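J.: Enclosed is the structure file final_7.cif (mmCIF, C-alpha atoms).
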```
data_input
#
loop_
_atom_site.group_PDB
_atom_site.id
_atom_site.type_symbol
_atom_site.label_atom_id
_atom_site.label_comp_id
_atom_site.auth_asym_id
_atom_site.auth_seq_id
_atom_site.Cartn_x
_atom_site.Cartn_y
_atom_site.Cartn_z
ATOM 1 C CA LYS A 1 71.721 -29.420 -19.468
ATOM 2 C CA VAL A 2 68.622 -27.246 -19.091
ATOM 3 C CA ARG A 3 67.205 -28.525 -22.375
ATOM 4 C CA GLY A 4 67.877 -32.127 -21.368
ATOM 5 C CA GLN A 5 70.590 -32.609 -23.962
ATOM 6 C CA ASN A 6 73.416 -33.960 -21.871
ATOM 7 C CA LYS A 7 76.403 -35.700 -23.416
ATOM 8 C CA GLY A 8 76.364 -38.662 -21.035
ATOM 9 C CA GLY A 9 74.426 -41.850 -21.546
ATOM 10 C CA THR A 10 71.976 -41.064 -18.760
ATOM 11 C CA LYS A 11 68.433 -39.891 -19.258
ATOM 12 C CA PRO A 12 67.697 -36.159 -19.269
ATOM 13 C CA GLN A 13 67.171 -34.686 -15.847
ATOM 14 C CA GLN A 14 64.115 -32.830 -14.656
ATOM 15 C CA PRO A 15 64.615 -29.034 -14.524
ATOM 16 C CA VAL A 16 63.791 -29.185 -10.821
ATOM 17 C CA GLY A 17 66.616 -31.676 -10.274
ATOM 18 C CA PHE A 18 69.041 -29.538 -12.253
ATOM 19 C CA LEU A 19 68.134 -26.489 -10.148
ATOM 20 C CA GLY A 20 68.490 -28.543 -6.965
ATOM 21 C CA GLU A 21 71.973 -29.719 -7.882
ATOM 22 C CA PHE A 22 72.983 -26.190 -8.826
ATOM 23 C CA MET A 23 71.723 -24.855 -5.490
ATOM 24 C CA LEU A 24 73.496 -27.634 -3.567
ATOM 25 C CA LYS A 25 76.790 -26.953 -5.315
ATOM 26 C CA ASN A 26 76.687 -23.194 -4.877
ATOM 27 C CA GLY A 27 75.331 -23.393 -1.330
ATOM 28 C CA ARG A 28 78.275 -25.565 -0.340
ATOM 29 C CA GLU A 29 80.651 -23.096 -1.960
ATOM 30 C CA LEU A 30 79.230 -20.329 0.215
ATOM 31 C CA GLY A 31 79.938 -22.469 3.252
ATOM 32 C CA GLU A 32 78.067 -23.547 6.362
ATOM 33 C CA ASP A 33 78.874 -20.279 8.114
ATOM 34 C CA SER A 34 76.611 -18.389 5.734
ATOM 35 C CA THR A 35 72.890 -18.466 6.478
ATOM 36 C CA PHE A 36 72.155 -18.047 2.780
ATOM 37 C CA GLY A 37 74.485 -20.938 1.927
ATOM 38 C CA THR A 38 72.774 -23.198 4.448
ATOM 39 C CA ALA A 39 69.363 -22.216 3.085
ATOM 40 C CA MET A 40 70.511 -22.939 -0.471
ATOM 41 C CA VAL A 41 71.809 -26.373 0.530
ATOM 42 C CA GLU A 42 68.531 -27.260 2.264
ATOM 43 C CA MET A 43 66.436 -25.993 -0.648
ATOM 44 C CA GLY A 44 68.670 -27.793 -3.137
ATOM 45 C CA GLU A 45 68.274 -31.055 -1.249
ATOM 46 C CA SER A 46 64.493 -30.585 -1.193
ATOM 47 C CA LEU A 47 64.405 -29.911 -4.935
ATOM 48 C CA ARG A 48 66.570 -32.949 -5.615
ATOM 49 C CA GLN A 49 64.184 -35.144 -3.600
ATOM 50 C CA LEU A 50 61.220 -33.586 -5.401
ATOM 51 C CA SER A 51 62.844 -34.425 -8.721
ATOM 52 C CA GLU A 52 63.297 -38.062 -7.671
ATOM 53 C CA VAL A 53 59.649 -38.312 -6.618
ATOM 54 C CA LYS A 54 58.535 -36.707 -9.876
ATOM 55 C CA ASP A 55 60.647 -39.177 -11.904
ATOM 56 C CA ALA A 56 59.175 -42.098 -9.959
ATOM 57 C CA PHE A 57 55.643 -40.761 -10.497
ATOM 58 C CA ASP A 58 56.236 -40.302 -14.241
ATOM 59 C CA LEU A 59 57.558 -43.858 -14.519
ATOM 60 C CA ASN A 60 54.625 -45.230 -12.524
ATOM 61 C CA VAL A 61 52.070 -43.407 -14.687
ATOM 62 C CA ARG A 62 53.751 -44.620 -17.851
ATOM 63 C CA GLN A 63 53.909 -48.261 -16.736
ATOM 64 C CA ASN A 64 50.489 -48.496 -15.117
ATOM 65 C CA PHE A 65 48.356 -46.237 -17.304
ATOM 66 C CA LEU A 66 49.880 -45.033 -20.569
ATOM 67 C CA ASP A 67 51.438 -48.309 -21.734
ATOM 68 C CA PRO A 68 48.254 -50.368 -21.101
ATOM 69 C CA LEU A 69 46.174 -47.655 -22.791
ATOM 70 C CA ASP A 70 48.483 -47.743 -25.805
ATOM 71 C CA HIS A 71 48.178 -51.534 -25.859
ATOM 72 C CA VAL A 72 44.375 -51.267 -25.910
ATOM 73 C CA LYS A 73 44.554 -48.705 -28.688
ATOM 74 C CA ASN A 74 46.963 -50.640 -30.864
ATOM 75 C CA LYS A 75 45.809 -54.211 -30.396
ATOM 76 C CA ASP A 76 42.335 -54.511 -28.946
ATOM 77 C CA LEU A 77 40.656 -51.767 -30.991
ATOM 78 C CA LYS A 78 42.081 -53.180 -34.233
ATOM 79 C CA GLU A 79 40.706 -56.572 -33.301
ATOM 80 C CA ILE A 80 37.287 -55.082 -32.509
ATOM 81 C CA ASN A 81 37.209 -53.260 -35.859
ATOM 82 C CA HIS A 82 38.168 -56.474 -37.639
ATOM 83 C CA HIS A 83 35.256 -58.318 -36.025
ATOM 84 C CA ARG A 84 32.863 -55.444 -36.819
ATOM 85 C CA LYS A 85 33.836 -55.540 -40.491
ATOM 86 C CA LYS A 86 33.435 -59.307 -40.514
ATOM 87 C CA LEU A 87 29.971 -59.009 -38.948
ATOM 88 C CA GLN A 88 28.985 -56.247 -41.404
ATOM 89 C CA GLY A 89 30.024 -58.489 -44.294
ATOM 90 C CA ARG A 90 27.841 -61.300 -42.975
ATOM 91 C CA ARG A 91 24.886 -58.949 -42.669
ATOM 92 C CA LEU A 92 25.242 -57.930 -46.318
ATOM 93 C CA ASP A 93 25.293 -61.565 -47.398
#
```
Please render this file's structure as structure tokens.
T.:
Amino acid sequence: KVRGQNKGGTKPQQPVGFLGEFMLKNGRELGEDSTFGTAMVEMGESLRQLSEVKDAFDLNVRQNFLDPLDHVKNKDLKEINHHRKKLQGRRLD
């Protein structure tokens, strides 16, 4: 699980999310009577929320920045180079 190689069909989880779930599980096992258990549950919940925000941020960056940049690289720059070569050929003629 730590390496992101889970057997299920879901996507690999962030290490922060894995730690959060682990802390939630073990904090609940310690019980609500234990101060340490309560602290672990609260910290685990915070880490789980942080993992969700990080996943959302990664998805947002990919959709709004990396994918359009890849599109520019793959399509638009090839088209520009094609037109440059065409123009260079006309200059030689």
J.: Run the PyMOL selection byres ((chain A and resi 47-57) around 9) mentally over the shown coordinates, then write out the matched residues as JSON, numbers by chain, using the chain letters and numbers from the document.
T.: {"A": [13, 14, 15, 16, 17, 18, 19, 20, 21, 23, 24, 42, 43, 44, 45, 46, 58, 59, 60, 61, 62]}
J.: Would you work out the distance separating CA of Lys85 in chain A from CA of His71 in chain A, expressed in Å to one decimal?
T.: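 Atom-to-atom, CA of Lys85 in chain A and CA of His71 in chain A are spaced 20.9 Å apart.
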J.: Translate the PyMOL selection byres ((chain A and resi 27) around 9) into a concrete residue list for this structure, as a PyMOL selection string.
T.: chain A and resi 22-26+28-32+34+36-42+44
J.: Take CA of Lys78 in chain A and CA of Phe65 in chain A and report the distance between them in Å, one decimal.
T.: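 CA of Phe65 in chain A lies at a distance of 19.3 Å from CA of Lys78 in chain A.
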J.: May I ask for the distance between CA of Gln63 in chain A and CA of His82 in chain A, given in Å to one decimal place?
T.: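 So the two atoms, CA of Gln63 in chain A and CA of His82 in chain A, lie 27.4 Å apart.
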